[in-house]
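The structure under discussion appears below in the form of structure tokens.
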Amino acid sequence: MDYFIKTIISLLKGKIDLPEEEIKTLLEIPPDFKMGDYAFPCYGLAKTLKKSPNVIAGELAKDLHAGKPIEAVRAVGPYINFFVDKTTLSETVLKTISKERDGYGNKDVGKGKTVVVDFSSPNIAKHLAVHHLRSALIGNAICNSYKTLGYTCVGINHLGDWGTQFGQLIVAYKKWGSENAHHTYTVTDLNNLYVKFHQEAEKDPGLEDEARAWFKKLESGDPGAKELWQYFKDISLQEFQKIYDMLGIHFDAFVGESFYNTMVEDTITRIKEKGLSRVSEQALIVDLEPYNMPPCLLRKKDDTTLYATRDIAAAEYRKKTYDFDRMIYVVGSEQKLHFNQFFKVLELMGHNWADRCVHVDFGLMKFKDGKMSTRKGKVVLLEDLLIEAVGRIRKIIEQKNPSLENKEAVASDVGIGAVIFADLCTKRSKDVVFDWDEVLNFEGETGPYVQYTHARLCSILRKYGKPVTAEIRFELLKEDETFILIKNLGQFPSIILKAAEFYEPSLICNYLIDVCGNLNRFYNAHRVLSDDEELTKARIFLVDATRQVIKNGLKILGIHAPEQM
Ligand code: ARG
């Protein structure tokens with residue numbers, strides 16, 4: 001695609017006084033392909049040329065001479081519209097896909113650059129909650145987008161494994177949990193101990209003091225406290241890992257808040273030396289009033305440190321360790337203030353990389369039938385959600401295609417894929433409403449629909465049964481439906497670029513839905529396998545390219561593309 005843009009830029013360059021980069025950003029793709037393949041708006045030139053945009057467009061269009069690969073140049077209102085040579089475009093797009101295969105979309109823009117993505121990051125001794133799932137899925141897709149662009153991407157799970165709550169848990173465990181030494185503890189048991197602690201603490205406030213004392217012991221390295229804490233952590237990690245395995249999500253590091261415990265003192269010292277902090281009501285704070293924010297709390301009056309303190313230390317450590325170009329925190333919108341505060345502290349500390357830290361927030365996930373939520377209506381057991389999705393798809397396969405090979409693997413790919421797609425296809429800042437009937441519908445804008453389209457393409461290729469070759473007559477791919485599909489396939493690299501730039505995997509979901517729609521329109525209008533050998537070869541080449549693009553797109557989202565379903 002860049003090839004055409006380059007040609008258009010070189011055509012325009014001699015005629016208008018704008019730098020290449022600006023021409024490139026101004027170029028648009030007209031909504032209706034009949035209006036042209038690219039359009040250049042002339043509004044911006046009106047002021048300097050002292051003419052109306054329509055007049056400028058008319059004059060320039062007359063002055064620009066088409067020539068391969070630009071077939072025609074026409075003025076439409078204030079726009080200059082460019083029509084590219086269809087055969088050249090088809091050949092460029094399809095040959096690129098067939099050459100780059102699984103790597104199609106890789107623009108090498110990120111070569112030599114590193115991106116750190118902090119995602120999922122659940123709290124130990126509690127269940128992985130829905131917002132940790134959303135963060136896991138969005139973060140994974142963002143990581144994959146950057147990887148596709150050639151960046152080195154470091155995915156970090158910043159476990160919530162430190163804080164006063166572990167003092168509470170130790171007290172609860174010692175009082176009510178440790179009697180039965182042979183009981184194997186689960187996260188549910190640990191969760192129940194928290195609940196019990198809070199119930200009892202209402203009657204006996206002394207328990208809170210005990211808890212604080214235990215956390216202090218933990219922070220100063222008391223072996224007994226540490227041993228229990230490690231036990232709680234191991235139980236939790238086991239459960240989290242099970243869910244990450246189901247989702248196929250991998251982290252380069254599980255480095256929780258506790259890891260920074262030894263570094264916070266040094267961080268606080270430097271903040272103090274810079275004169276940024278002061279004591280307020282016995283706590284150590286950074287005053288952020290000049291920036292219209294509440295103070296950032298660094299140390300409580302009992303000397304223990306906080307979430308924000310550890311985040312500041314973690315950011316410094318990661319900069320030193322990975323020398324990142326950008327650091328992305330995928331965390332729900334309810335923590336907006338926290339990130340604004342600690343990013344500000346990083347800036348005030350003089351870190352010129354503070355503006356390369358980004359909080360990528362997202363909305364809530366709600367359930368249409370309240371069934372999946374627990375009594376409090378908040379925490380959903382994600383493992384159950386995924387198992388249910390797979391079970392429902394298994395039933396559908398049993399009804400529709402009982403003789404399918406690898407039924408279990410396909411049910412799992414499609415069930416899990418459906419949940420992932422449903423989560424990612426809404427713009428991330430919006431709330432997601434999870435409705436089983438919609439999520440699993442093979443005909444809606446869903447994961448199963450995209451996977452099914454992919455499987456159908458695989459089945460056409462199996463039926464064809466011969467090797468796919470690029471030795472084809474590209475001029476045969478000329479009908480409207482065919483050309484629209486090819487152009488759409490050519491947009492894939494720029495969609496990934498945009499998805500990475502805006503941290504917005506939904507753009508990839510929408511793109512895949514478009515491709516499937518265009519494919520279906522092509523498929524309904526034209527027979528792929530016919531007696532015309534040359535035409536069949538050309539259409540098969542297009543089918544194979546479409547299959548490849550759908551597979552690559554799904555892979556970025558973290559979804560498998562089974563070849564049969
Ligand atoms: N554990 C936190 C929570 O569940 C999320 C941590 C996000 N990452 C970070 N570096 N603060 O709310």
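Labels used: A, B, ... for chains in the order of the structure tokens, numbers from 1 for residues in each chain, and numbers from 1 for ligands as shown.
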Run DSSP on the backbone and grab whatever in region 297-529 of chain A lands in strand (DSSP E or B); send it over as an MDAnalysis selection string. chainID A and resid 297:299 305 326:330 357:360 365:367 432:434
Counting only C-alpha atoms, what is within 10 Å of Glu388 (chain A), bar same-chain residues fewer than 5 positions away, as a PDB file with N, CA and C atoms, in the first residue's frame?
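selection.pdb, freshly written:
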ATOM      1  N   MET A 372     -23.743 -15.184  36.308  1.00  0.00           N
ATOM      2  CA  MET A 372     -22.338 -15.476  36.561  1.00  0.00           C
ATOM      3  C   MET A 372     -21.764 -14.704  37.737  1.00  0.00           C
ATOM      4  N   LEU A 382     -13.673 -16.612  36.963  1.00  0.00           N
ATOM      5  CA  LEU A 382     -13.373 -16.638  35.534  1.00  0.00           C
ATOM      6  C   LEU A 382     -13.215 -18.034  34.988  1.00  0.00           C
ATOM      7  N   GLU A 383     -12.691 -18.901  35.823  1.00  0.00           N
ATOM      8  CA  GLU A 383     -12.513 -20.262  35.367  1.00  0.00           C
ATOM      9  C   GLU A 383     -13.882 -20.834  34.969  1.00  0.00           C
ATOM     10  N   ILE A 393     -20.171 -24.323  23.489  1.00  0.00           N
ATOM     11  CA  ILE A 393     -19.733 -24.557  22.108  1.00  0.00           C
ATOM     12  C   ILE A 393     -19.680 -26.066  21.822  1.00  0.00           C
ATOM     13  N   ARG A 394     -19.248 -26.841  22.822  1.00  0.00           N
ATOM     14  CA  ARG A 394     -19.191 -28.294  22.652  1.00  0.00           C
ATOM     15  C   ARG A 394     -20.565 -28.832  22.264  1.00  0.00           C
ATOM     16  N   GLY A 415     -14.775 -21.633  22.108  1.00  0.00           N
ATOM     17  CA  GLY A 415     -15.395 -21.122  23.340  1.00  0.00           C
ATOM     18  C   GLY A 415     -14.571 -19.990  23.940  1.00  0.00           C
ATOM     19  N   ILE A 416     -13.285 -20.238  24.084  1.00  0.00           N
ATOM     20  CA  ILE A 416     -12.401 -19.217  24.662  1.00  0.00           C
ATOM     21  C   ILE A 416     -12.283 -18.037  23.697  1.00  0.00           C
ATOM     22  N   TRP A 436     -24.568 -14.182  26.690  1.00  0.00           N
ATOM     23  CA  TRP A 436     -24.178 -15.489  26.133  1.00  0.00           C
ATOM     24  C   TRP A 436     -24.663 -15.691  24.711  1.00  0.00           C
TER      25      TRP A 436
END
For region 149-160 of chain A, list every protein, DNA or RNA residue within 9 Å, evaluated using only C-alpha atoms, and leave out those in the same chain fewer than 5 positions away; present the list as a ChimeraX atom specification. /A:105-124,139-140,143-144,250-258,307,322,493,496-497,500
Those same residues, written as a compact mmCIF listing (two decimals), in the first residue's frame with C-alpha atoms?
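Contents of the output file result_39.txt:
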# COMPACT_ATOMS: atom_id res chain seq x y z
CA GLY A 105 1.64 -6.85 9.01
CA ASN A 106 5.13 -6.52 10.36
CA LYS A 107 6.28 -3.09 9.38
CA ASP A 108 9.59 -3.12 11.19
CA VAL A 109 8.67 0.23 12.70
CA GLY A 110 9.61 -0.99 16.14
CA LYS A 111 13.01 -2.46 15.39
CA GLY A 112 15.39 -1.88 18.27
CA LYS A 113 12.68 -0.41 20.50
CA THR A 114 11.23 -1.90 23.66
CA VAL A 115 7.75 -1.58 25.07
CA VAL A 116 6.89 -2.71 28.59
CA VAL A 117 3.28 -3.73 29.18
CA ASP A 118 2.05 -4.08 32.76
CA PHE A 119 -1.13 -6.13 32.55
CA SER A 120 -3.64 -8.35 34.38
CA SER A 121 -1.79 -7.88 37.70
CA PRO A 122 -4.29 -9.52 40.09
CA ASN A 123 -4.04 -9.46 43.86
CA ILE A 124 -2.94 -12.64 45.56
CA GLY A 139 -2.79 -6.20 27.43
CA ASN A 140 -2.07 -9.40 25.54
CA CYS A 143 1.69 -6.79 23.34
CA ASN A 144 0.99 -8.82 20.22
CA HIS A 250 2.09 -15.63 28.64
CA PHE A 251 3.98 -13.15 30.81
CA ASP A 252 7.69 -12.50 30.51
CA ALA A 253 7.81 -11.79 34.22
CA PHE A 254 5.66 -12.27 37.29
CA VAL A 255 7.19 -9.55 39.38
CA GLY A 256 4.86 -8.36 42.09
CA GLU A 257 4.82 -5.36 44.36
CA SER A 258 6.85 -7.20 46.99
CA TYR A 307 0.83 0.97 46.39
CA TYR A 322 14.57 -2.55 29.99
CA PRO A 493 -0.55 -3.36 8.33
CA ILE A 496 -2.18 -2.80 13.34
CA LEU A 497 -0.19 0.38 13.42
CA ALA A 500 -0.89 -0.14 18.62
May I have the residues within 12 Å of Ile70 (chain A) as a PyMOL selection string, using only C-alpha atoms and disregarding those fewer than 5 positions away in the same chain? chain A and resi 3-11+36-38+64-65+81-89
Leu554 (chain A): which residues within 9 Å, counting only C-alpha atoms, same-chain residues fewer than 4 positions away excluded, as a ChimeraX atom specification? /A:417,421,447,450-451,508-509,512,549-550,558-561
Grab the residues selected above and save them as an mmCIF file, in the first residue's frame with N, CA, C and O atoms.
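The file below, again_7.cif, is the result:
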data_model
loop_
_atom_site.group_PDB
_atom_site.id
_atom_site.type_symbol
_atom_site.label_atom_id
_atom_site.label_comp_id
_atom_site.auth_asym_id
_atom_site.auth_seq_id
_atom_site.Cartn_x
_atom_site.Cartn_y
_atom_site.Cartn_z
ATOM 1 N N GLY A 417 -12.170 -18.343 22.404
ATOM 2 C CA GLY A 417 -12.078 -17.283 21.398
ATOM 3 C C GLY A 417 -13.301 -16.372 21.450
ATOM 4 O O GLY A 417 -13.189 -15.159 21.291
ATOM 5 N N PHE A 421 -13.028 -12.427 22.021
ATOM 6 C CA PHE A 421 -13.507 -11.500 20.989
ATOM 7 C C PHE A 421 -14.579 -10.573 21.546
ATOM 8 O O PHE A 421 -14.589 -9.374 21.285
ATOM 9 N N GLY A 447 -16.470 -13.786 17.642
ATOM 10 C CA GLY A 447 -15.301 -14.629 17.414
ATOM 11 C C GLY A 447 -15.663 -15.872 16.610
ATOM 12 O O GLY A 447 -15.005 -16.174 15.602
ATOM 13 N N VAL A 450 -15.918 -15.161 12.912
ATOM 14 C CA VAL A 450 -14.636 -14.953 12.233
ATOM 15 C C VAL A 450 -13.901 -16.290 12.091
ATOM 16 O O VAL A 450 -13.371 -16.617 11.019
ATOM 17 N N GLN A 451 -13.909 -17.088 13.155
ATOM 18 C CA GLN A 451 -13.232 -18.390 13.093
ATOM 19 C C GLN A 451 -13.895 -19.292 12.050
ATOM 20 O O GLN A 451 -13.230 -20.022 11.323
ATOM 21 N N ILE A 508 -8.835 -3.980 15.512
ATOM 22 C CA ILE A 508 -8.518 -5.230 14.808
ATOM 23 C C ILE A 508 -9.774 -6.097 14.702
ATOM 24 O O ILE A 508 -10.036 -6.706 13.668
ATOM 25 N N CYS A 509 -10.578 -6.129 15.777
ATOM 26 C CA CYS A 509 -11.841 -6.892 15.721
ATOM 27 C C CYS A 509 -12.723 -6.356 14.596
ATOM 28 O O CYS A 509 -13.232 -7.108 13.778
ATOM 29 N N LEU A 512 -11.474 -7.302 11.220
ATOM 30 C CA LEU A 512 -11.714 -8.703 10.860
ATOM 31 C C LEU A 512 -13.174 -8.927 10.454
ATOM 32 O O LEU A 512 -13.465 -9.684 9.537
ATOM 33 N N VAL A 549 -4.709 -13.490 6.369
ATOM 34 C CA VAL A 549 -4.929 -12.234 7.090
ATOM 35 C C VAL A 549 -5.839 -12.468 8.296
ATOM 36 O O VAL A 549 -5.586 -11.951 9.392
ATOM 37 N N ILE A 550 -6.882 -13.273 8.122
ATOM 38 C CA ILE A 550 -7.771 -13.542 9.261
ATOM 39 C C ILE A 550 -6.990 -14.261 10.364
ATOM 40 O O ILE A 550 -7.084 -13.919 11.546
ATOM 41 N N GLY A 558 -5.115 -12.973 20.291
ATOM 42 C CA GLY A 558 -4.912 -14.080 21.227
ATOM 43 C C GLY A 558 -5.909 -15.217 20.993
ATOM 44 O O GLY A 558 -6.234 -15.968 21.910
ATOM 45 N N ILE A 559 -6.400 -15.322 19.737
ATOM 46 C CA ILE A 559 -7.417 -16.322 19.422
ATOM 47 C C ILE A 559 -6.883 -17.307 18.381
ATOM 48 O O ILE A 559 -6.269 -16.893 17.393
ATOM 49 N N HIS A 560 -7.114 -18.597 18.627
ATOM 50 C CA HIS A 560 -6.682 -19.617 17.666
ATOM 51 C C HIS A 560 -7.619 -19.653 16.468
ATOM 52 O O HIS A 560 -8.794 -19.319 16.580
ATOM 53 N N ALA A 561 -7.089 -20.109 15.345
ATOM 54 C CA ALA A 561 -7.913 -20.217 14.137
ATOM 55 C C ALA A 561 -7.934 -21.679 13.695
ATOM 56 O O ALA A 561 -7.097 -22.093 12.900
#
So which residues touch Asn54 (chain A) within 9 Å, counting only C-alpha atoms, skipping near sequence neighbours fewer than 5 positions away, as a PDB file with C-alpha atoms, in the first residue's frame?
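Produced file result-v2.pdb, reproduced below:
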ATOM      1  CA  CYS A  42      -7.424  20.927  -0.393  1.00  0.00           C
ATOM      2  CA  TYR A  43      -8.898  22.906   2.530  1.00  0.00           C
ATOM      3  CA  GLU A  59      -6.676  23.160 -11.019  1.00  0.00           C
ATOM      4  CA  ALA A  75     -11.323  16.552  -8.656  1.00  0.00           C
ATOM      5  CA  VAL A  76     -14.446  15.961  -6.590  1.00  0.00           C
ATOM      6  CA  GLY A  77     -15.494  19.044  -4.657  1.00  0.00           C
ATOM      7  CA  PRO A  78     -12.584  20.126  -2.455  1.00  0.00           C
ATOM      8  CA  TYR A  79     -10.776  16.792  -2.958  1.00  0.00           C
TER       9      TYR A  79
END
